[in-house]
Amino acid sequence: RKLYLILSVNFYTFSGTMTSKAFLEEASIMKALVHPNLIRLYAVCTTEEPYYIVCEFMKNGSLLVYLRNEKNQLNLKCLIDIGAQVANG
């Protein structure tokens, strides 16, 4: 029996928000974290920019993009639940 993982490959370019060193330090920490409310980071490819991030697939994409999308009409209860899950992670 084969097990298949669904992965997402994203890329990151530095635009003054974070240094390359800080990014690699954060990626190292994220690779070690395992929690049901966090997506898993499996690998970071850093030979040249853009850096590629291999992580668990996010069905609805980035949480930030999802929350900013006006099509997603979320009530207060749902927003509090999302906030609690983020805090728990």
# chains A, B, ... in the order shown; residues from 1 in each chain; ligands from 1
$ residues_around --residues "Gln85 of chain A" --least-positions-apart "6" --cutoff "12 Å" --atoms "only C-alpha atoms" --output "list in words"
His35, Pro36, Asn37, Leu38, Leu63, Cys78 and Leu79 of chain A
$ atom_distance --atom1 "atom CA of Glu25 of chain A" --atom2 "atom CA of Tyr42 of chain A"
14.5 Å
$ select_by_dssp --residues "chain A" --states "strand (DSSP E or B)" --output "list in words"
Leu7, Ser8, Val9, Asn10, Phe11, Tyr12, Leu41, Tyr42, Ala43, Val44, Cys45, Tyr51, Tyr52, Ile53, Val54, Cys55 and Glu56 of chain A
$ closest_residue --among "A:Arg68, A:Lys59, A:Gly89, A:Ala84" --to "Met30 of chain A" --atoms "only C-alpha atoms"
A:Gly89
$ select_by_dssp --residues "chain A" --states "alpha helix (DSSP H)" --output "ChimeraX atom specification"
/A:20-32,63-68,76-88
$ write_last_selection --atoms "N, CA, C and O atoms" --output "short mmCIF file (atom, residue, chain, number, x, y, z; two decimals), in the first residue's frame"
data_model
loop_
_atom_site.label_atom_id
_atom_site.label_comp_id
_atom_site.auth_asym_id
_atom_site.auth_seq_id
_atom_site.Cartn_x
_atom_site.Cartn_y
_atom_site.Cartn_z
N SER A 20 18.17 37.14 4.55
CA SER A 20 18.33 35.73 4.16
C SER A 20 18.67 34.89 5.39
O SER A 20 18.12 33.80 5.58
N LYS A 21 19.54 35.39 6.24
CA LYS A 21 19.94 34.65 7.45
C LYS A 21 18.75 34.45 8.38
O LYS A 21 18.54 33.34 8.90
N ALA A 22 17.97 35.50 8.60
CA ALA A 22 16.79 35.39 9.48
C ALA A 22 15.78 34.40 8.91
O ALA A 22 15.17 33.62 9.65
N PHE A 23 15.62 34.41 7.58
CA PHE A 23 14.70 33.48 6.92
C PHE A 23 15.14 32.04 7.18
O PHE A 23 14.32 31.18 7.53
N LEU A 24 16.42 31.76 7.02
CA LEU A 24 16.93 30.40 7.21
C LEU A 24 16.80 29.97 8.68
O LEU A 24 16.49 28.80 8.95
N GLU A 25 17.02 30.88 9.61
CA GLU A 25 16.85 30.56 11.03
C GLU A 25 15.39 30.22 11.34
O GLU A 25 15.11 29.26 12.04
N GLU A 26 14.47 31.02 10.79
CA GLU A 26 13.04 30.75 11.01
C GLU A 26 12.63 29.43 10.36
O GLU A 26 11.86 28.66 10.94
N ALA A 27 13.14 29.16 9.18
CA ALA A 27 12.81 27.91 8.49
C ALA A 27 13.31 26.71 9.30
O ALA A 27 12.62 25.69 9.39
N SER A 28 14.47 26.83 9.88
CA SER A 28 15.02 25.75 10.70
C SER A 28 14.12 25.46 11.89
O SER A 28 13.86 24.30 12.23
N ILE A 29 13.62 26.50 12.53
CA ILE A 29 12.69 26.33 13.65
C ILE A 29 11.38 25.70 13.17
O ILE A 29 10.86 24.77 13.79
N MET A 30 10.84 26.21 12.05
CA MET A 30 9.56 25.72 11.54
C MET A 30 9.63 24.24 11.14
O MET A 30 8.66 23.51 11.30
N LYS A 31 10.78 23.80 10.63
CA LYS A 31 10.92 22.39 10.24
C LYS A 31 10.81 21.46 11.44
O LYS A 31 10.38 20.33 11.32
N ALA A 32 11.18 21.96 12.62
CA ALA A 32 11.15 21.13 13.83
C ALA A 32 9.78 21.10 14.50
O ALA A 32 9.52 20.24 15.33
N LEU A 63 -3.63 31.65 5.01
CA LEU A 63 -4.67 32.14 5.91
C LEU A 63 -4.85 33.64 5.76
O LEU A 63 -5.97 34.15 5.74
N LEU A 64 -3.75 34.36 5.61
CA LEU A 64 -3.82 35.81 5.45
C LEU A 64 -4.63 36.19 4.21
O LEU A 64 -5.53 37.04 4.27
N VAL A 65 -4.35 35.54 3.09
CA VAL A 65 -5.08 35.82 1.85
C VAL A 65 -6.55 35.42 2.00
O VAL A 65 -7.45 36.13 1.58
N TYR A 66 -6.80 34.28 2.64
CA TYR A 66 -8.16 33.81 2.86
C TYR A 66 -8.97 34.81 3.69
O TYR A 66 -10.11 35.14 3.36
N LEU A 67 -8.36 35.33 4.76
CA LEU A 67 -9.08 36.28 5.62
C LEU A 67 -9.31 37.61 4.94
O LEU A 67 -10.31 38.29 5.21
N ARG A 68 -8.40 38.02 4.05
CA ARG A 68 -8.55 39.31 3.36
C ARG A 68 -9.49 39.24 2.17
O ARG A 68 -9.91 40.27 1.66
N LEU A 76 -18.46 36.59 13.41
CA LEU A 76 -17.60 36.83 14.56
C LEU A 76 -17.19 35.52 15.24
O LEU A 76 -16.04 35.34 15.62
N LYS A 77 -18.13 34.59 15.37
CA LYS A 77 -17.83 33.30 16.00
C LYS A 77 -16.73 32.57 15.24
O LYS A 77 -15.81 32.02 15.84
N CYS A 78 -16.82 32.57 13.93
CA CYS A 78 -15.81 31.91 13.08
C CYS A 78 -14.45 32.59 13.23
O CYS A 78 -13.42 31.92 13.35
N LEU A 79 -14.44 33.92 13.23
CA LEU A 79 -13.19 34.67 13.38
C LEU A 79 -12.54 34.41 14.74
O LEU A 79 -11.32 34.26 14.84
N ILE A 80 -13.35 34.32 15.78
CA ILE A 80 -12.82 34.02 17.12
C ILE A 80 -12.25 32.62 17.14
O ILE A 80 -11.18 32.37 17.72
N ASP A 81 -12.94 31.67 16.49
CA ASP A 81 -12.45 30.29 16.43
C ASP A 81 -11.11 30.23 15.69
O ASP A 81 -10.18 29.55 16.15
N ILE A 82 -10.99 30.93 14.58
CA ILE A 82 -9.72 30.96 13.84
C ILE A 82 -8.62 31.56 14.70
O ILE A 82 -7.51 31.04 14.79
N GLY A 83 -8.93 32.66 15.39
CA GLY A 83 -7.95 33.29 16.28
C GLY A 83 -7.50 32.37 17.39
O GLY A 83 -6.31 32.30 17.72
N ALA A 84 -8.43 31.60 17.96
CA ALA A 84 -8.09 30.65 19.02
C ALA A 84 -7.20 29.53 18.49
O ALA A 84 -6.24 29.12 19.16
N GLN A 85 -7.49 29.07 17.27
CA GLN A 85 -6.66 28.02 16.67
C GLN A 85 -5.26 28.52 16.38
O GLN A 85 -4.27 27.80 16.60
N VAL A 86 -5.14 29.76 15.91
CA VAL A 86 -3.83 30.35 15.66
C VAL A 86 -3.06 30.48 16.97
O VAL A 86 -1.87 30.12 17.05
N ALA A 87 -3.72 30.97 18.01
CA ALA A 87 -3.06 31.12 19.30
C ALA A 87 -2.64 29.77 19.86
O ALA A 87 -1.56 29.64 20.46
N ASN A 88 -3.44 28.74 19.64
CA ASN A 88 -3.12 27.40 20.11
C ASN A 88 -1.89 26.84 19.39
O ASN A 88 -1.10 26.11 19.98
#
$ closest_residue --among "A:Phe11, A:Ile39, A:Val44, A:Thr17" --to "Glu56 of chain A" --atoms "only C-alpha atoms"
A:Ile39
$ closest_residue --among "A:Val34, A:Leu41, A:Met18, A:Leu74" --to "Phe57 of chain A" --atoms "only C-alpha atoms"
A:Leu41
$ decode --residues "segment 67-82 of chain A" --atoms "all heavy atoms" --output "mmCIF file, in the first residue's frame"
data_model
loop_
_atom_site.group_PDB
_atom_site.id
_atom_site.type_symbol
_atom_site.label_atom_id
_atom_site.label_comp_id
_atom_site.auth_asym_id
_atom_site.auth_seq_id
_atom_site.Cartn_x
_atom_site.Cartn_y
_atom_site.Cartn_z
ATOM 1 N N LEU A 67 -8.363 35.329 4.758
ATOM 2 C CA LEU A 67 -9.076 36.275 5.621
ATOM 3 C C LEU A 67 -9.310 37.614 4.942
ATOM 4 O O LEU A 67 -10.311 38.291 5.211
ATOM 5 C CB LEU A 67 -8.306 36.480 6.932
ATOM 6 C CG LEU A 67 -8.265 35.274 7.861
ATOM 7 C CD1 LEU A 67 -7.353 35.552 9.041
ATOM 8 C CD2 LEU A 67 -9.648 34.871 8.318
ATOM 9 N N ARG A 68 -8.403 38.016 4.054
ATOM 10 C CA ARG A 68 -8.550 39.305 3.364
ATOM 11 C C ARG A 68 -9.492 39.238 2.166
ATOM 12 O O ARG A 68 -9.908 40.273 1.657
ATOM 13 C CB ARG A 68 -7.182 39.794 2.901
ATOM 14 C CG ARG A 68 -6.328 40.285 4.041
ATOM 15 C CD ARG A 68 -5.030 40.839 3.551
ATOM 16 N NE ARG A 68 -4.268 41.413 4.645
ATOM 17 C CZ ARG A 68 -3.027 41.822 4.531
ATOM 18 N NH1 ARG A 68 -2.395 41.729 3.377
ATOM 19 N NH2 ARG A 68 -2.398 42.333 5.566
ATOM 20 N N ASN A 69 -9.843 38.036 1.729
ATOM 21 C CA ASN A 69 -10.715 37.866 0.576
ATOM 22 C C ASN A 69 -12.153 38.240 0.962
ATOM 23 O O ASN A 69 -12.755 37.623 1.835
ATOM 24 C CB ASN A 69 -10.654 36.422 0.073
ATOM 25 C CG ASN A 69 -11.413 36.217 -1.201
ATOM 26 O OD1 ASN A 69 -12.285 37.006 -1.571
ATOM 27 N ND2 ASN A 69 -11.103 35.153 -1.893
ATOM 28 N N GLU A 70 -12.690 39.241 0.311
ATOM 29 C CA GLU A 70 -14.031 39.726 0.633
ATOM 30 C C GLU A 70 -15.126 38.701 0.326
ATOM 31 O O GLU A 70 -16.236 38.797 0.847
ATOM 32 C CB GLU A 70 -14.300 41.027 -0.107
ATOM 33 C CG GLU A 70 -13.431 42.171 0.377
ATOM 34 C CD GLU A 70 -13.676 43.465 -0.377
ATOM 35 O OE1 GLU A 70 -14.664 43.542 -1.122
ATOM 36 O OE2 GLU A 70 -12.875 44.395 -0.206
ATOM 37 N N LYS A 71 -14.823 37.702 -0.513
ATOM 38 C CA LYS A 71 -15.805 36.659 -0.814
ATOM 39 C C LYS A 71 -16.061 35.766 0.392
ATOM 40 O O LYS A 71 -17.109 35.155 0.494
ATOM 41 C CB LYS A 71 -15.313 35.794 -1.982
ATOM 42 C CG LYS A 71 -15.230 36.517 -3.292
ATOM 43 C CD LYS A 71 -14.691 35.592 -4.367
ATOM 44 C CE LYS A 71 -14.421 36.352 -5.650
ATOM 45 N NZ LYS A 71 -13.774 35.514 -6.655
ATOM 46 N N ASN A 72 -15.099 35.685 1.286
ATOM 47 C CA ASN A 72 -15.225 34.847 2.481
ATOM 48 C C ASN A 72 -15.864 35.660 3.603
ATOM 49 O O ASN A 72 -15.187 36.315 4.374
ATOM 50 C CB ASN A 72 -13.852 34.323 2.919
ATOM 51 C CG ASN A 72 -13.208 33.487 1.848
ATOM 52 O OD1 ASN A 72 -13.860 32.708 1.177
ATOM 53 N ND2 ASN A 72 -11.914 33.657 1.666
ATOM 54 N N GLN A 73 -17.174 35.639 3.660
ATOM 55 C CA GLN A 73 -17.913 36.369 4.696
ATOM 56 C C GLN A 73 -17.915 35.521 5.968
ATOM 57 O O GLN A 73 -18.682 34.583 6.101
ATOM 58 C CB GLN A 73 -19.340 36.649 4.226
ATOM 59 C CG GLN A 73 -19.419 37.526 2.998
ATOM 60 C CD GLN A 73 -18.910 38.933 3.305
ATOM 61 O OE1 GLN A 73 -19.226 39.502 4.334
ATOM 62 N NE2 GLN A 73 -18.139 39.493 2.393
ATOM 63 N N LEU A 74 -17.040 35.876 6.906
ATOM 64 C CA LEU A 74 -16.911 35.106 8.137
ATOM 65 C C LEU A 74 -17.570 35.858 9.284
ATOM 66 O O LEU A 74 -17.337 37.048 9.475
ATOM 67 C CB LEU A 74 -15.432 34.867 8.452
ATOM 68 C CG LEU A 74 -14.637 34.166 7.341
ATOM 69 C CD1 LEU A 74 -13.162 34.144 7.676
ATOM 70 C CD2 LEU A 74 -15.162 32.763 7.133
ATOM 71 N N ASN A 75 -18.389 35.143 10.058
ATOM 72 C CA ASN A 75 -19.046 35.795 11.199
ATOM 73 C C ASN A 75 -18.069 35.872 12.380
ATOM 74 O O ASN A 75 -16.984 35.289 12.354
ATOM 75 C CB ASN A 75 -20.346 35.078 11.570
ATOM 76 C CG ASN A 75 -20.116 33.643 12.003
ATOM 77 O OD1 ASN A 75 -19.110 33.313 12.609
ATOM 78 N ND2 ASN A 75 -21.071 32.780 11.685
ATOM 79 N N LEU A 76 -18.461 36.595 13.406
ATOM 80 C CA LEU A 76 -17.597 36.829 14.556
ATOM 81 C C LEU A 76 -17.193 35.520 15.235
ATOM 82 O O LEU A 76 -16.037 35.335 15.619
ATOM 83 C CB LEU A 76 -18.277 37.765 15.549
ATOM 84 C CG LEU A 76 -17.460 38.145 16.781
ATOM 85 C CD1 LEU A 76 -16.167 38.845 16.376
ATOM 86 C CD2 LEU A 76 -18.276 39.027 17.706
ATOM 87 N N LYS A 77 -18.128 34.593 15.367
ATOM 88 C CA LYS A 77 -17.830 33.304 15.999
ATOM 89 C C LYS A 77 -16.727 32.568 15.237
ATOM 90 O O LYS A 77 -15.813 32.018 15.839
ATOM 91 C CB LYS A 77 -19.095 32.445 16.081
ATOM 92 C CG LYS A 77 -18.879 31.122 16.758
ATOM 93 C CD LYS A 77 -20.149 30.295 16.810
ATOM 94 C CE LYS A 77 -19.851 28.946 17.452
ATOM 95 N NZ LYS A 77 -20.949 28.028 17.363
ATOM 96 N N CYS A 78 -16.819 32.570 13.925
ATOM 97 C CA CYS A 78 -15.814 31.907 13.085
ATOM 98 C C CYS A 78 -14.451 32.586 13.226
ATOM 99 O O CYS A 78 -13.419 31.923 13.348
ATOM 100 C CB CYS A 78 -16.271 31.903 11.633
ATOM 101 S SG CYS A 78 -15.173 31.006 10.528
ATOM 102 N N LEU A 79 -14.443 33.921 13.234
ATOM 103 C CA LEU A 79 -13.186 34.668 13.380
ATOM 104 C C LEU A 79 -12.541 34.409 14.739
ATOM 105 O O LEU A 79 -11.315 34.258 14.836
ATOM 106 C CB LEU A 79 -13.429 36.159 13.181
ATOM 107 C CG LEU A 79 -13.794 36.583 11.749
ATOM 108 C CD1 LEU A 79 -14.213 38.044 11.728
ATOM 109 C CD2 LEU A 79 -12.641 36.329 10.799
ATOM 110 N N ILE A 80 -13.354 34.323 15.785
ATOM 111 C CA ILE A 80 -12.816 34.020 17.124
ATOM 112 C C ILE A 80 -12.246 32.617 17.143
ATOM 113 O O ILE A 80 -11.181 32.369 17.718
ATOM 114 C CB ILE A 80 -13.909 34.223 18.194
ATOM 115 C CG1 ILE A 80 -14.208 35.717 18.339
ATOM 116 C CG2 ILE A 80 -13.482 33.617 19.531
ATOM 117 C CD1 ILE A 80 -15.405 36.037 19.220
ATOM 118 N N ASP A 81 -12.939 31.667 16.494
ATOM 119 C CA ASP A 81 -12.451 30.286 16.427
ATOM 120 C C ASP A 81 -11.108 30.225 15.687
ATOM 121 O O ASP A 81 -10.182 29.551 16.148
ATOM 122 C CB ASP A 81 -13.486 29.391 15.743
ATOM 123 C CG ASP A 81 -13.055 27.943 15.734
ATOM 124 O OD1 ASP A 81 -12.703 27.414 16.812
ATOM 125 O OD2 ASP A 81 -13.065 27.330 14.660
ATOM 126 N N ILE A 82 -10.990 30.929 14.582
ATOM 127 C CA ILE A 82 -9.722 30.957 13.836
ATOM 128 C C ILE A 82 -8.623 31.562 14.704
ATOM 129 O O ILE A 82 -7.511 31.037 14.787
ATOM 130 C CB ILE A 82 -9.882 31.734 12.509
ATOM 131 C CG1 ILE A 82 -10.754 30.957 11.532
ATOM 132 C CG2 ILE A 82 -8.511 32.025 11.893
ATOM 133 C CD1 ILE A 82 -11.133 31.730 10.290
#
